[in-house]
>>> print(open('upload06.pdb').read())   # PDB, C-alpha atoms
MODEL        1
ATOM      1  CA  MET A 928     -23.441  22.239 121.689  1.00  0.00           C
ATOM      2  CA  ALA A 929     -22.273  25.050 123.968  1.00  0.00           C
ATOM      3  CA  GLU A 930     -19.942  27.549 122.343  1.00  0.00           C
ATOM      4  CA  PRO A 931     -16.377  27.397 123.682  1.00  0.00           C
ATOM      5  CA  ARG A 932     -15.554  30.653 125.393  1.00  0.00           C
ATOM      6  CA  LEU A 933     -12.766  31.969 127.541  1.00  0.00           C
ATOM      7  CA  THR A 934     -13.032  34.792 130.035  1.00  0.00           C
ATOM      8  CA  ILE A 935      -9.847  36.763 129.366  1.00  0.00           C
ATOM      9  CA  GLY A 936     -10.115  39.119 132.303  1.00  0.00           C
ATOM     10  CA  ALA A 937     -11.533  42.348 133.606  1.00  0.00           C
ATOM     11  CA  VAL A 938     -10.261  45.906 133.420  1.00  0.00           C
ATOM     12  CA  SER A 939     -11.187  48.312 136.200  1.00  0.00           C
ATOM     13  CA  ALA A 940     -11.290  52.081 136.538  1.00  0.00           C
ATOM     14  CA  GLY A 941      -8.580  53.574 138.709  1.00  0.00           C
ATOM     15  CA  LEU A 942      -6.294  56.534 139.287  1.00  0.00           C
ATOM     16  CA  ALA A 943      -2.879  57.093 137.733  1.00  0.00           C
ATOM     17  CA  MET A 944      -0.130  58.983 139.553  1.00  0.00           C
ATOM     18  CA  ARG A 945       3.481  59.732 138.716  1.00  0.00           C
ATOM     19  CA  ALA A 946       5.770  56.781 139.309  1.00  0.00           C
ATOM     20  CA  GLY A 947       7.407  57.101 142.724  1.00  0.00           C
ATOM     21  CA  ALA A 948       4.747  59.423 144.149  1.00  0.00           C
ATOM     22  CA  SER A 949       3.210  58.673 147.522  1.00  0.00           C
ATOM     23  CA  THR A 950       0.212  56.351 147.138  1.00  0.00           C
ATOM     24  CA  PRO A 951      -3.009  58.060 148.213  1.00  0.00           C
ATOM     25  CA  LYS A 952      -5.579  56.539 150.523  1.00  0.00           C
ATOM     26  CA  MET A 953      -8.565  55.408 148.511  1.00  0.00           C
ATOM     27  CA  ALA A 954      -9.646  52.046 149.913  1.00  0.00           C
ATOM     28  CA  THR A 955     -13.065  53.401 150.904  1.00  0.00           C
ATOM     29  CA  ALA A 956     -15.448  55.884 149.335  1.00  0.00           C
ATOM     30  CA  GLU A 957     -14.695  58.396 152.107  1.00  0.00           C
ATOM     31  CA  GLU A 958     -10.910  58.057 151.590  1.00  0.00           C
ATOM     32  CA  LEU A 959     -11.396  58.499 147.833  1.00  0.00           C
ATOM     33  CA  ARG A 960     -13.491  61.611 148.463  1.00  0.00           C
ATOM     34  CA  GLU A 961     -10.864  63.118 150.785  1.00  0.00           C
ATOM     35  CA  THR A 962      -8.038  62.267 148.369  1.00  0.00           C
ATOM     36  CA  LEU A 963      -9.834  63.853 145.422  1.00  0.00           C
ATOM     37  CA  LEU A 964     -10.674  67.014 147.329  1.00  0.00           C
ATOM     38  CA  ALA A 965      -7.003  67.344 148.308  1.00  0.00           C
ATOM     39  CA  VAL A 966      -5.520  66.953 144.795  1.00  0.00           C
ATOM     40  CA  ARG A 967      -4.127  69.962 142.984  1.00  0.00           C
ATOM     41  CA  SER A 968      -5.270  68.727 139.571  1.00  0.00           C
ATOM     42  CA  ILE A 969      -6.825  65.727 137.852  1.00  0.00           C
ATOM     43  CA  SER A 970      -7.595  64.746 134.287  1.00  0.00           C
ATOM     44  CA  TYR A 971      -9.947  62.231 132.713  1.00  0.00           C
ATOM     45  CA  GLY A 972     -11.608  61.457 129.411  1.00  0.00           C
ATOM     46  CA  ASP A 973     -14.417  63.789 128.455  1.00  0.00           C
ATOM     47  CA  PRO A 974     -17.756  62.080 129.138  1.00  0.00           C
ATOM     48  CA  ALA A 975     -19.321  64.069 126.287  1.00  0.00           C
ATOM     49  CA  ARG A 976     -16.922  62.347 123.851  1.00  0.00           C
ATOM     50  CA  GLY A 977     -17.910  58.881 125.077  1.00  0.00           C
ATOM     51  CA  ALA A 978     -14.800  58.050 127.134  1.00  0.00           C
ATOM     52  CA  THR A 979     -15.925  55.009 129.141  1.00  0.00           C
ATOM     53  CA  ALA A 980     -13.809  55.618 132.251  1.00  0.00           C
ATOM     54  CA  GLY A 981     -14.524  59.350 131.986  1.00  0.00           C
ATOM     55  CA  ILE A 982     -18.270  58.775 131.985  1.00  0.00           C
ATOM     56  CA  HIS A 983     -17.969  56.526 135.020  1.00  0.00           C
ATOM     57  CA  PHE A 984     -15.567  58.814 136.902  1.00  0.00           C
ATOM     58  CA  HIS A 985     -17.701  61.885 136.263  1.00  0.00           C
ATOM     59  CA  GLY A 986     -20.625  59.982 137.789  1.00  0.00           C
ATOM     60  CA  VAL A 987     -18.472  59.009 140.789  1.00  0.00           C
ATOM     61  CA  LEU A 988     -17.675  62.678 141.438  1.00  0.00           C
ATOM     62  CA  GLY A 989     -21.398  63.398 141.428  1.00  0.00           C
ATOM     63  CA  ARG A 990     -22.230  60.510 143.752  1.00  0.00           C
ATOM     64  CA  LEU A 991     -19.453  61.624 146.118  1.00  0.00           C
ATOM     65  CA  GLY A 992     -21.033  65.087 146.125  1.00  0.00           C
ATOM     66  CA  ILE A 993     -17.837  66.809 144.941  1.00  0.00           C
ATOM     67  CA  ALA A 994     -18.400  67.394 141.220  1.00  0.00           C
ATOM     68  CA  GLU A 995     -18.666  71.159 141.603  1.00  0.00           C
ATOM     69  CA  ALA A 996     -15.643  71.382 143.927  1.00  0.00           C
ATOM     70  CA  MET A 997     -13.557  69.392 141.418  1.00  0.00           C
ATOM     71  CA  MET A 998     -14.402  71.504 138.352  1.00  0.00           C
ATOM     72  CA  PRO A 999     -11.657  74.157 138.801  1.00  0.00           C
ATOM     73  CA  LYS A1000      -8.932  71.515 139.082  1.00  0.00           C
ATOM     74  CA  THR A1001     -10.207  69.169 136.357  1.00  0.00           C
ATOM     75  CA  VAL A1002      -8.708  68.938 132.872  1.00  0.00           C
ATOM     76  CA  LEU A1003     -10.921  67.062 130.425  1.00  0.00           C
ATOM     77  CA  VAL A1004      -9.245  65.394 127.446  1.00  0.00           C
ATOM     78  CA  PRO A1005     -10.735  63.287 124.642  1.00  0.00           C
ATOM     79  CA  PHE A1006      -9.757  59.918 126.189  1.00  0.00           C
ATOM     80  CA  GLY A1007      -8.102  58.430 129.267  1.00  0.00           C
ATOM     81  CA  VAL A1008      -4.760  57.747 127.575  1.00  0.00           C
ATOM     82  CA  GLU A1009      -4.319  61.473 127.056  1.00  0.00           C
ATOM     83  CA  ALA A1010      -5.146  62.099 130.725  1.00  0.00           C
ATOM     84  CA  ILE A1011      -2.435  59.637 131.734  1.00  0.00           C
ATOM     85  CA  GLU A1012       0.058  61.416 129.453  1.00  0.00           C
ATOM     86  CA  LYS A1013      -0.671  64.658 131.323  1.00  0.00           C
ATOM     87  CA  VAL A1014       0.438  62.892 134.529  1.00  0.00           C
ATOM     88  CA  VAL A1015       3.616  61.657 132.818  1.00  0.00           C
ATOM     89  CA  LYS A1016       4.447  65.218 131.727  1.00  0.00           C
ATOM     90  CA  GLY A1017       3.704  66.599 135.208  1.00  0.00           C
ATOM     91  CA  TRP A1018       0.824  68.747 133.966  1.00  0.00           C
ATOM     92  CA  VAL A1019      -1.693  67.137 136.360  1.00  0.00           C
ATOM     93  CA  GLU A1020      -1.323  65.223 139.607  1.00  0.00           C
ATOM     94  CA  TYR A1021      -3.742  62.344 138.881  1.00  0.00           C
ATOM     95  CA  ALA A1022      -5.672  60.862 135.992  1.00  0.00           C
ATOM     96  CA  ALA A1023      -8.720  58.613 136.039  1.00  0.00           C
ATOM     97  CA  SER A1024      -8.646  55.859 133.428  1.00  0.00           C
ATOM     98  CA  GLN A1025      -8.718  52.097 132.875  1.00  0.00           C
ATOM     99  CA  SER A1026      -6.171  50.091 134.901  1.00  0.00           C
ATOM    100  CA  SER A1027      -4.767  48.455 131.756  1.00  0.00           C
ATOM    101  CA  GLU A1028      -4.028  51.872 130.198  1.00  0.00           C
ATOM    102  CA  ILE A1029      -2.358  53.052 133.404  1.00  0.00           C
ATOM    103  CA  LEU A1030      -0.192  49.943 133.772  1.00  0.00           C
ATOM    104  CA  ALA A1031       0.875  50.120 130.119  1.00  0.00           C
ATOM    105  CA  THR A1032       2.228  53.665 130.414  1.00  0.00           C
ATOM    106  CA  PRO A1033       5.833  54.233 131.521  1.00  0.00           C
ATOM    107  CA  GLY A1034       6.285  57.009 134.061  1.00  0.00           C
ATOM    108  CA  VAL A1035       3.033  56.434 135.929  1.00  0.00           C
ATOM    109  CA  ALA A1036       1.811  53.992 138.559  1.00  0.00           C
ATOM    110  CA  LEU A1037      -1.613  52.718 139.469  1.00  0.00           C
ATOM    111  CA  ALA A1038      -2.543  54.675 142.602  1.00  0.00           C
ATOM    112  CA  GLY A1039      -5.462  52.313 143.127  1.00  0.00           C
ATOM    113  CA  LEU A1040      -8.751  51.089 141.778  1.00  0.00           C
ATOM    114  CA  LEU A1041     -11.936  52.936 142.612  1.00  0.00           C
ATOM    115  CA  PRO A1042     -13.366  51.398 145.792  1.00  0.00           C
ATOM    116  CA  PRO A1043     -16.857  50.003 146.311  1.00  0.00           C
ATOM    117  CA  PRO A1044     -19.490  51.192 145.674  1.00  0.00           C
ATOM    118  CA  HIS A1045     -17.707  53.185 142.942  1.00  0.00           C
ATOM    119  CA  HIS A1046     -15.781  50.257 141.468  1.00  0.00           C
ATOM    120  CA  SER A1047     -16.370  49.612 137.781  1.00  0.00           C
ATOM    121  CA  SER A1048     -14.975  46.910 135.533  1.00  0.00           C
ATOM    122  CA  THR A1049     -15.371  45.567 132.025  1.00  0.00           C
ATOM    123  CA  THR A1050     -15.007  41.831 131.422  1.00  0.00           C
ATOM    124  CA  TYR A1051     -13.528  40.591 128.150  1.00  0.00           C
ATOM    125  CA  VAL A1052     -14.453  37.176 126.719  1.00  0.00           C
ATOM    126  CA  ALA A1053     -13.144  35.340 123.645  1.00  0.00           C
ATOM    127  CA  ALA A1054     -15.580  33.163 121.693  1.00  0.00           C
ATOM    128  CA  PRO A1055     -16.091  32.215 118.049  1.00  0.00           C
ATOM    129  CA  THR A1056     -19.078  33.730 116.319  1.00  0.00           C
ATOM    130  CA  ALA A1057     -21.917  31.378 115.550  1.00  0.00           C
ATOM    131  CA  SER A1058     -21.871  32.415 111.882  1.00  0.00           C
ATOM    132  CA  ALA A1059     -18.138  31.845 111.341  1.00  0.00           C
ATOM    133  CA  ALA A1060     -17.582  29.881 108.129  1.00  0.00           C
ATOM    134  CA  ASN A1061     -14.301  28.434 109.408  1.00  0.00           C
ATOM    135  CA  ARG A1062     -14.333  28.059 113.176  1.00  0.00           C
ATOM    136  CA  ALA A1063     -11.012  26.211 113.446  1.00  0.00           C
ATOM    137  CA  PRO A1064      -8.803  29.354 113.555  1.00  0.00           C
ATOM    138  CA  ALA A1065     -11.034  30.957 116.188  1.00  0.00           C
ATOM    139  CA  LEU A1066     -10.930  27.844 118.352  1.00  0.00           C
ATOM    140  CA  ALA A1067      -7.133  27.627 117.945  1.00  0.00           C
ATOM    141  CA  TYR A1068      -6.800  31.248 119.024  1.00  0.00           C
ATOM    142  CA  ILE A1069      -8.929  30.640 122.120  1.00  0.00           C
ATOM    143  CA  ARG A1070      -6.724  27.634 123.004  1.00  0.00           C
ATOM    144  CA  PHE A1071      -3.656  29.868 122.516  1.00  0.00           C
ATOM    145  CA  LEU A1072      -5.100  32.542 124.840  1.00  0.00           C
ATOM    146  CA  ALA A1073      -5.916  29.915 127.486  1.00  0.00           C
ATOM    147  CA  GLN A1074      -2.254  28.908 127.939  1.00  0.00           C
ATOM    148  CA  PRO A1075      -0.965  29.726 131.459  1.00  0.00           C
ATOM    149  CA  VAL A1076       1.947  31.777 130.079  1.00  0.00           C
ATOM    150  CA  ILE A1077      -0.442  33.913 128.005  1.00  0.00           C
ATOM    151  CA  ILE A1078      -2.894  34.338 130.888  1.00  0.00           C
ATOM    152  CA  ALA A1079       0.036  35.458 133.110  1.00  0.00           C
ATOM    153  CA  ARG A1080       1.033  38.052 130.511  1.00  0.00           C
ATOM    154  CA  ILE A1081      -2.562  39.258 130.229  1.00  0.00           C
ATOM    155  CA  ARG A1082      -2.694  39.682 134.042  1.00  0.00           C
ATOM    156  CA  ALA A1083       0.591  41.642 133.922  1.00  0.00           C
ATOM    157  CA  LEU A1084      -1.044  44.002 131.409  1.00  0.00           C
ATOM    158  CA  GLY A1085      -3.745  44.857 133.921  1.00  0.00           C
ATOM    159  CA  LEU A1086      -6.572  42.462 133.069  1.00  0.00           C
ATOM    160  CA  ALA A1087      -7.499  40.903 136.406  1.00  0.00           C
ATOM    161  CA  ALA A1088      -9.116  37.524 136.767  1.00  0.00           C
ATOM    162  CA  ALA A1089     -12.852  38.065 136.310  1.00  0.00           C
ATOM    163  CA  ASN A1090     -15.271  36.743 138.893  1.00  0.00           C
TER     164      ASN A1090
ENDMDL
END
>>> encode(input="upload06.pdb", output="structure tokens")
Amino acid sequence: MAEPRLTIGAVSAGLAMRAGASTPKMATAEELRETLLAVRSISYGDPARGATAGIHFHGVLGRLGIAEAMMPKTVLVPFGVEAIEKVVKGWVEYAASQSSEILATPGVALAGLLPPPHHSSTTYVAAPTASAANRAPALAYIRFLAQPVIIARIRALGLAAAN
């Protein structure tokens, strides 16, 4: 029998900006490159510490050919949530992090998701483990998560419908 599973949603990497700030152009890789070169400051999670969005964003800077130009205006922090807090406090102009972390933080707005080919997302799925002694609670929880009102709340928290 196939295991019941529910795709909860996907979280994507994006840029945070102060709430009310002018939204930058970043729909294409070239627009993202121009926007990043024009920023005064940016923060993201330190790739050396294992910050998922930080690892990805650092790679994006390299693929855009601007990693060296960005170094003087980059503030590395342990994780993306701390980068977003620097935007809230006005210490940096932008932060790169997960969309769900950005949307959950008062005082910032999602400037946009990283465009193709630099887009990155993580898909979350709920499923009971095969070795669970009592599967009934796990199955009940999956049914709870599948309710339209819960799915709507999950989308509002920044988890997009996964493809």
>>> residues_near_point(input="upload06.pdb", point="(-12.3, 29.0, 126.4)", cutoff="8 Å", atoms="all atoms listed in the file", output="ChimeraX atom specification")
/A:931-934,1053-1054,1069-1070,1073
>>> resolve_selection(input="upload06.pdb", expression="the PyMOL selection byres ((chain A and resi 1019) around 9)", output="PyMOL selection string")
chain A and resi 944+967-970+1000-1002+1010-1011+1013-1018+1020-1022
>>> resolve_selection(input="upload06.pdb", expression="the PyMOL selection byres ((chain A and resi 1007) around 8)", output="list of chain:residue names")
A:Tyr971, A:Gly972, A:Ala978, A:Ala980, A:Gly981, A:Val1004, A:Pro1005, A:Phe1006, A:Val1008, A:Glu1009, A:Ala1010, A:Ile1011, A:Ala1022, A:Ala1023, A:Ser1024, A:Gln1025, A:Glu1028
>>> resolve_selection(input="upload06.pdb", expression="the PyMOL selection byres ((chain A and resi 996) around 12)", output="PDB file with C-alpha atoms, in the frame of the given file")
ATOM      1  CA  ARG A 960     -13.491  61.611 148.463  1.00  0.00           C
ATOM      2  CA  GLU A 961     -10.864  63.118 150.785  1.00  0.00           C
ATOM      3  CA  LEU A 963      -9.834  63.853 145.422  1.00  0.00           C
ATOM      4  CA  LEU A 964     -10.674  67.014 147.329  1.00  0.00           C
ATOM      5  CA  ALA A 965      -7.003  67.344 148.308  1.00  0.00           C
ATOM      6  CA  VAL A 966      -5.520  66.953 144.795  1.00  0.00           C
ATOM      7  CA  ARG A 967      -4.127  69.962 142.984  1.00  0.00           C
ATOM      8  CA  SER A 968      -5.270  68.727 139.571  1.00  0.00           C
ATOM      9  CA  LEU A 988     -17.675  62.678 141.438  1.00  0.00           C
ATOM     10  CA  GLY A 989     -21.398  63.398 141.428  1.00  0.00           C
ATOM     11  CA  LEU A 991     -19.453  61.624 146.118  1.00  0.00           C
ATOM     12  CA  GLY A 992     -21.033  65.087 146.125  1.00  0.00           C
ATOM     13  CA  ILE A 993     -17.837  66.809 144.941  1.00  0.00           C
ATOM     14  CA  ALA A 994     -18.400  67.394 141.220  1.00  0.00           C
ATOM     15  CA  GLU A 995     -18.666  71.159 141.603  1.00  0.00           C
ATOM     16  CA  MET A 997     -13.557  69.392 141.418  1.00  0.00           C
ATOM     17  CA  MET A 998     -14.402  71.504 138.352  1.00  0.00           C
ATOM     18  CA  PRO A 999     -11.657  74.157 138.801  1.00  0.00           C
ATOM     19  CA  LYS A1000      -8.932  71.515 139.082  1.00  0.00           C
ATOM     20  CA  THR A1001     -10.207  69.169 136.357  1.00  0.00           C
TER      21      THR A1001
END
>>> closest_residue(input="upload06.pdb", among="A:Pro1055, A:Pro1033, A:Gly986, A:Gly1039", to="Leu942 in chain A", atoms="all atoms listed in the file")
A:Gly1039
>>> closest_residue(input="upload06.pdb", among="A:Pro1064, A:Val987, A:Leu1030, A:Leu959", to="Arg1082 in chain A", atoms="only C-alpha atoms")
A:Leu1030
>>> residues_around(input="upload06.pdb", residues="range 1044-1050 of chain A", least_positions_apart="2", cutoff="10 Å", atoms="all atoms listed in the file", output="number ranges by chain")
A: 934-941, 955-956, 959, 979-980, 983-984, 986-988, 990-991, 1025-1026, 1040-1042, 1052, 1086-1090
>>> closest_residue(input="upload06.pdb", among="A:Ala1067, A:Ala1038, A:Ile1081, A:Leu1003", to="Pro974 in chain A", atoms="all atoms listed in the file")
A:Leu1003
>>> atom_distance(input="upload06.pdb", atom1="CA of Gly977 in chain A", atom2="CA of Ile1078 in chain A")
29.4 Å
>>> closest_residue(input="upload06.pdb", among="A:Ala1079, A:Ala948, A:Ile982, A:Leu1084", to="Ile1029 in chain A", atoms="all atoms listed in the file")
A:Leu1084
>>> atom_distance(input="upload06.pdb", atom1="CA of Val1035 in chain A", atom2="CA of Arg945 in chain A")
4.3 Å
>>> axis_aligned_box(input="upload06.pdb", around="range 1019-1035 of chain A", padding_each_side="5 Å", output="AutoDock Vina command-line options")
--center_x -1.2 --center_y 57.8 --center_z 134.9 --size_x 25.0 --size_y 28.7 --size_z 19.5
>>> atom_distance(input="upload06.pdb", atom1="CA of Gly1085 in chain A", atom2="CA of Tyr1051 in chain A")
12.1 Å
>>> closest_residue(input="upload06.pdb", among="A:His985, A:Ala1059, A:Glu1012, A:Met953", to="Ala1031 in chain A", atoms="all atoms listed in the file")
A:Glu1012
